[in-house]
Amino acid sequence: MSLSADEIIEIHETLVDWFASSEDPISPAGVRDRALLESAVARPFQSAGGVEGYKSIFQKAAALFHSLVNNHAFYNGNKRVALVSAQVLLDQESYWLDYSSDEEMYDFTRKAAAHELTVRRDEELPYITEWFDSNSRKAVKGEHPLKYHDLKAILKKFGFEIDPPDGDLLDVRKKGIVYARVSKQGIKGFRPYHTDYISGLRKRLGLTPENGIDSAQFYGHKGLSNTASQFIELRIEVIRRLAKT
(Lines give C-alpha, C1' and ligand atoms only; values in the text may rest on other atoms or scores of the structure.)
Protein backbone atom coordinates (compact mmCIF):
# COMPACT_ATOMS: atom_id res chain seq x y z
CA MET A 1 0.00 0.00 0.00
CA SER A 2 1.54 3.29 -1.09
CA LEU A 3 1.20 6.37 -3.26
CA SER A 4 4.21 8.15 -4.71
CA ALA A 5 4.58 11.84 -5.46
CA ASP A 6 4.48 11.02 -9.18
CA GLU A 7 1.19 9.15 -8.70
CA ILE A 8 -0.32 12.16 -6.90
CA ILE A 9 0.84 14.28 -9.84
CA GLU A 10 -0.92 11.81 -12.15
CA ILE A 11 -4.11 12.34 -10.14
CA HIS A 12 -3.63 16.11 -10.46
CA GLU A 13 -3.18 15.73 -14.23
CA THR A 14 -6.34 13.62 -14.42
CA LEU A 15 -8.24 16.43 -12.72
CA VAL A 16 -6.64 18.98 -15.06
CA ASP A 17 -7.88 16.95 -18.05
CA TRP A 18 -11.37 16.63 -16.57
CA PHE A 19 -11.75 20.37 -16.08
CA ALA A 20 -9.81 21.63 -19.12
CA SER A 21 -12.95 22.71 -21.00
CA SER A 22 -15.02 23.70 -17.97
CA GLU A 23 -15.83 27.09 -16.47
CA ASP A 24 -13.30 26.32 -13.73
CA PRO A 25 -10.13 24.87 -15.32
CA ILE A 26 -7.21 24.10 -13.05
CA SER A 27 -4.99 26.98 -14.15
CA PRO A 28 -2.18 27.39 -13.70
CA ALA A 29 -1.67 23.65 -13.27
CA GLY A 30 1.37 21.83 -11.95
CA VAL A 31 3.44 21.38 -8.83
CA ARG A 32 4.16 24.55 -6.85
CA ASP A 33 6.45 22.93 -4.26
CA ARG A 34 7.81 19.41 -4.82
CA ALA A 35 9.19 19.24 -1.26
CA LEU A 36 5.75 19.86 0.23
CA LEU A 37 4.30 17.18 -2.05
CA GLU A 38 6.97 14.67 -1.03
CA SER A 39 6.30 15.50 2.62
CA ALA A 40 2.56 14.93 2.22
CA VAL A 41 3.14 11.59 0.50
CA ALA A 42 5.62 10.40 3.12
CA ARG A 43 3.53 11.36 6.16
CA PRO A 44 1.04 8.41 6.14
CA PHE A 45 3.89 5.89 6.14
CA GLN A 46 6.12 7.42 8.81
CA SER A 47 7.34 5.17 11.61
CA ALA A 48 9.47 5.46 14.73
CA GLY A 49 11.38 2.55 16.20
CA GLY A 50 9.68 0.22 13.77
CA VAL A 51 6.22 1.33 14.91
CA GLU A 52 3.91 2.87 12.31
CA GLY A 53 2.67 6.34 13.12
CA TYR A 54 -0.57 5.73 11.25
CA LYS A 55 -1.65 2.11 11.49
CA SER A 56 -5.08 1.85 9.88
CA ILE A 57 -5.92 2.61 6.27
CA PHE A 58 -8.25 5.36 7.53
CA GLN A 59 -5.44 6.99 9.54
CA LYS A 60 -3.16 6.83 6.50
CA ALA A 61 -5.80 8.28 4.18
CA ALA A 62 -6.54 11.01 6.74
CA ALA A 63 -2.85 11.92 7.05
CA LEU A 64 -2.49 12.12 3.26
CA PHE A 65 -5.68 14.15 2.84
CA HIS A 66 -4.82 16.50 5.72
CA SER A 67 -1.35 17.23 4.31
CA LEU A 68 -2.45 17.65 0.70
CA VAL A 69 -5.41 19.89 1.53
CA ASN A 70 -3.25 22.17 3.70
CA ASN A 71 0.26 22.05 2.17
CA HIS A 72 -0.82 23.59 -1.16
CA ALA A 73 1.80 21.63 -3.08
CA PHE A 74 0.01 22.44 -6.35
CA TYR A 75 -0.73 25.86 -7.79
CA ASN A 76 -4.43 25.02 -7.97
CA GLY A 77 -6.82 22.16 -7.29
CA ASN A 78 -5.40 21.16 -3.90
CA LYS A 79 -8.75 20.33 -2.28
CA ARG A 80 -9.75 18.22 -5.27
CA VAL A 81 -6.37 16.45 -5.37
CA ALA A 82 -6.57 15.74 -1.62
CA LEU A 83 -10.04 14.20 -1.81
CA VAL A 84 -9.38 12.07 -4.91
CA SER A 85 -5.96 10.94 -3.61
CA ALA A 86 -7.52 9.84 -0.32
CA GLN A 87 -10.04 7.73 -2.27
CA VAL A 88 -7.29 6.21 -4.42
CA LEU A 89 -5.38 5.22 -1.27
CA LEU A 90 -8.52 3.80 0.36
CA ASP A 91 -9.19 1.81 -2.80
CA GLN A 92 -5.88 -0.02 -2.30
CA GLU A 93 -7.58 -1.68 0.68
CA SER A 94 -10.88 -1.96 -1.24
CA TYR A 95 -12.69 0.86 0.58
CA TRP A 96 -14.88 3.45 -1.14
CA LEU A 97 -16.28 6.68 0.29
CA ASP A 98 -19.88 5.73 -0.24
CA TYR A 99 -22.02 6.65 2.75
CA SER A 100 -21.93 10.45 2.65
CA SER A 101 -24.10 12.58 0.41
CA ASP A 102 -22.53 14.99 -2.08
CA GLU A 103 -23.43 17.88 0.22
CA GLU A 104 -21.80 16.21 3.24
CA MET A 105 -18.63 15.38 1.29
CA TYR A 106 -18.34 18.89 -0.09
CA ASP A 107 -18.90 20.45 3.33
CA PHE A 108 -16.33 18.13 4.93
CA THR A 109 -13.65 18.93 2.34
CA ARG A 110 -14.29 22.67 2.35
CA LYS A 111 -14.17 22.82 6.14
CA ALA A 112 -10.99 20.71 6.24
CA ALA A 113 -9.24 23.20 3.97
CA ALA A 114 -10.50 26.14 6.05
CA HIS A 115 -9.65 24.49 9.42
CA GLU A 116 -13.32 24.58 10.38
CA LEU A 117 -13.83 20.90 11.24
CA THR A 118 -12.78 21.25 14.87
CA VAL A 119 -12.11 23.98 17.40
CA ARG A 120 -8.51 22.88 17.92
CA ARG A 121 -6.17 22.01 15.06
CA ASP A 122 -4.69 19.03 16.91
CA GLU A 123 -8.17 17.48 16.76
CA GLU A 124 -8.41 17.70 12.97
CA LEU A 125 -6.63 14.47 12.09
CA PRO A 126 -8.68 12.26 14.48
CA TYR A 127 -11.83 13.90 13.11
CA ILE A 128 -10.83 13.24 9.49
CA THR A 129 -9.88 9.65 10.37
CA GLU A 130 -13.28 9.03 11.94
CA TRP A 131 -15.05 10.66 8.99
CA PHE A 132 -13.28 8.40 6.50
CA ASP A 133 -13.95 5.34 8.65
CA SER A 134 -17.66 6.05 9.13
CA ASN A 135 -18.24 7.02 5.49
CA SER A 136 -16.33 4.18 3.82
CA ARG A 137 -17.69 0.85 2.74
CA LYS A 138 -15.71 -2.29 1.98
CA ALA A 139 -15.90 -2.97 -1.73
CA VAL A 140 -16.18 -6.38 -3.35
CA LYS A 141 -12.76 -7.14 -4.80
CA GLY A 142 -12.56 -6.34 -8.49
CA GLU A 143 -15.82 -4.36 -8.52
CA HIS A 144 -16.38 -0.61 -8.73
CA PRO A 145 -19.33 1.62 -7.83
CA LEU A 146 -21.32 2.78 -10.84
CA LYS A 147 -23.72 5.54 -11.74
CA TYR A 148 -26.91 4.65 -13.59
CA HIS A 149 -25.70 5.81 -17.02
CA ASP A 150 -22.39 3.91 -16.59
CA LEU A 151 -24.22 0.72 -15.64
CA LYS A 152 -26.54 1.21 -18.61
CA ALA A 153 -23.58 1.63 -21.01
CA ILE A 154 -21.79 -1.45 -19.65
CA LEU A 155 -24.88 -3.64 -19.84
CA LYS A 156 -25.51 -2.48 -23.40
CA LYS A 157 -22.15 -3.97 -24.44
CA PHE A 158 -23.53 -7.37 -23.44
CA GLY A 159 -26.91 -6.93 -25.12
CA PHE A 160 -28.92 -5.83 -22.07
CA GLU A 161 -31.20 -2.82 -21.78
CA ILE A 162 -32.26 -1.12 -18.55
CA ASP A 163 -35.40 0.95 -17.95
CA PRO A 164 -35.12 4.74 -17.64
CA PRO A 165 -34.84 5.79 -13.96
CA ASP A 166 -38.51 6.71 -13.56
CA GLY A 167 -39.90 4.08 -11.20
CA ASP A 168 -38.40 2.66 -8.01
CA LEU A 169 -37.56 -0.69 -9.65
CA LEU A 170 -36.07 -0.92 -13.14
CA ASP A 171 -36.23 -3.95 -15.46
CA VAL A 172 -33.06 -5.26 -17.09
CA ARG A 173 -34.00 -6.90 -20.40
CA LYS A 174 -32.36 -8.81 -23.21
CA LYS A 175 -34.32 -9.52 -26.39
CA GLY A 176 -37.52 -8.57 -24.56
CA ILE A 177 -36.96 -10.97 -21.65
CA VAL A 178 -36.59 -9.54 -18.13
CA TYR A 179 -33.49 -11.02 -16.49
CA ALA A 180 -33.35 -8.85 -13.37
CA ARG A 181 -34.86 -5.87 -11.59
CA VAL A 182 -32.69 -3.22 -10.01
CA SER A 183 -33.40 -0.33 -7.67
CA LYS A 184 -33.21 3.29 -8.80
CA GLN A 185 -29.72 4.45 -7.83
CA GLY A 186 -26.75 6.27 -9.32
CA ILE A 187 -28.60 9.38 -10.49
CA LYS A 188 -28.59 12.89 -9.03
CA GLY A 189 -29.70 12.76 -5.41
CA PHE A 190 -29.17 8.99 -5.15
CA ARG A 191 -26.13 7.00 -4.10
CA PRO A 192 -24.28 5.05 -6.81
CA TYR A 193 -24.75 1.32 -7.21
CA HIS A 194 -22.18 -0.06 -4.79
CA THR A 195 -19.84 -2.97 -5.40
CA ASP A 196 -21.81 -5.68 -3.62
CA TYR A 197 -24.91 -4.67 -5.59
CA ILE A 198 -22.97 -4.77 -8.88
CA SER A 199 -21.49 -8.13 -7.93
CA GLY A 200 -24.96 -9.60 -7.30
CA LEU A 201 -26.32 -8.17 -10.55
CA ARG A 202 -23.42 -9.61 -12.55
CA LYS A 203 -24.17 -13.05 -11.10
CA ARG A 204 -27.86 -12.76 -11.98
CA LEU A 205 -27.01 -11.74 -15.54
CA GLY A 206 -24.23 -14.30 -16.02
CA LEU A 207 -21.55 -11.63 -16.49
CA THR A 208 -18.96 -13.27 -14.24
CA PRO A 209 -15.49 -14.85 -14.67
CA GLU A 210 -17.17 -18.26 -14.49
CA ASN A 211 -18.97 -17.28 -17.69
CA GLY A 212 -15.91 -15.79 -19.35
CA ILE A 213 -16.47 -12.15 -18.29
CA ASP A 214 -13.85 -10.94 -15.82
CA SER A 215 -13.82 -7.47 -14.23
CA ALA A 216 -11.44 -6.02 -16.83
CA GLN A 217 -13.80 -7.10 -19.61
CA PHE A 218 -16.89 -5.96 -17.70
CA TYR A 219 -15.61 -2.49 -16.81
CA GLY A 220 -13.30 -2.10 -19.77
CA HIS A 221 -10.42 -0.43 -17.90
CA LYS A 222 -8.27 -0.55 -14.76
CA GLY A 223 -5.47 1.22 -12.93
CA LEU A 224 -4.80 4.27 -10.75
CA SER A 225 -6.03 6.81 -13.31
CA ASN A 226 -9.23 4.82 -13.70
CA THR A 227 -9.88 4.77 -9.95
CA ALA A 228 -9.38 8.54 -9.85
CA SER A 229 -11.61 9.08 -12.91
CA GLN A 230 -14.34 6.83 -11.53
CA PHE A 231 -14.42 8.70 -8.26
CA ILE A 232 -14.43 12.07 -10.04
CA GLU A 233 -17.36 10.96 -12.18
CA LEU A 234 -19.27 9.50 -9.25
CA ARG A 235 -18.75 12.66 -7.20
CA ILE A 236 -18.62 15.21 -10.01
CA GLU A 237 -21.00 17.60 -8.21
CA VAL A 238 -18.66 17.66 -5.20
CA ILE A 239 -15.58 18.19 -7.39
CA ARG A 240 -17.26 20.96 -9.37
CA ARG A 241 -18.31 22.81 -6.21
CA LEU A 242 -14.83 22.51 -4.73
CA ALA A 243 -13.49 24.24 -7.84
CA LYS A 244 -15.40 27.35 -6.82
CA THR A 245 -14.07 27.56 -3.25
# chains A, B, ... in the order shown; residues from 1 in each chain; ligands from 1
call {"tool": "residues_around", "arguments": {"residues": "Ala5 in chain A", "least_positions_apart": "6", "cutoff": "8 Å", "atoms": "only C-alpha atoms", "output": "MDAnalysis selection string"}}
result
chainID A and resid 37:38 41
call {"tool": "residues_around", "arguments": {"residues": "Arg173 in chain A", "least_positions_apart": "2", "cutoff": "6 Å", "atoms": "only C-alpha atoms", "output": "list in words"}}
result
Phe160, Glu161, Gly176, Ile177, Val178 and Tyr179 of chain A
call {"tool": "closest_residue", "arguments": {"among": "A:Ile187, A:Leu3, A:Ile26, A:Leu151", "to": "Asn76 in chain A", "atoms": "only C-alpha atoms"}}
result
A:Ile26
call {"tool": "residues_around", "arguments": {"residues": "range 164-171 of chain A", "least_positions_apart": "3", "cutoff": "7 Å", "atoms": "only C-alpha atoms", "output": "list in words"}}
result
Val178, Ala180, Arg181, Val182, Ser183 and Lys184 of chain A
call {"tool": "closest_residue", "arguments": {"among": "A:Phe19, A:Tyr75, A:Tyr127, A:Tyr106", "to": "Glu237 in chain A", "atoms": "only C-alpha atoms"}}
result
A:Tyr106
call {"tool": "select_by_dssp", "arguments": {"residues": "range 17-227 of chain A", "states": "strand (DSSP E)", "output": "list in words"}}
result
Ser47, Ala48, Val51, Glu52, Tyr95, Trp96, Leu97, Ser136, Arg137, Lys138, Glu161, Ile162, Leu169, Leu170, Asp171, Val172, Arg173, Lys174, Ile177, Val178, Tyr179, Ala180, Arg181, Val182 and Ser183 of chain A
call {"tool": "closest_residue", "arguments": {"among": "A:Leu97, A:Ala153, A:Thr195, A:Arg121", "to": "Gly220 in chain A", "atoms": "only C-alpha atoms"}}
result
A:Ala153
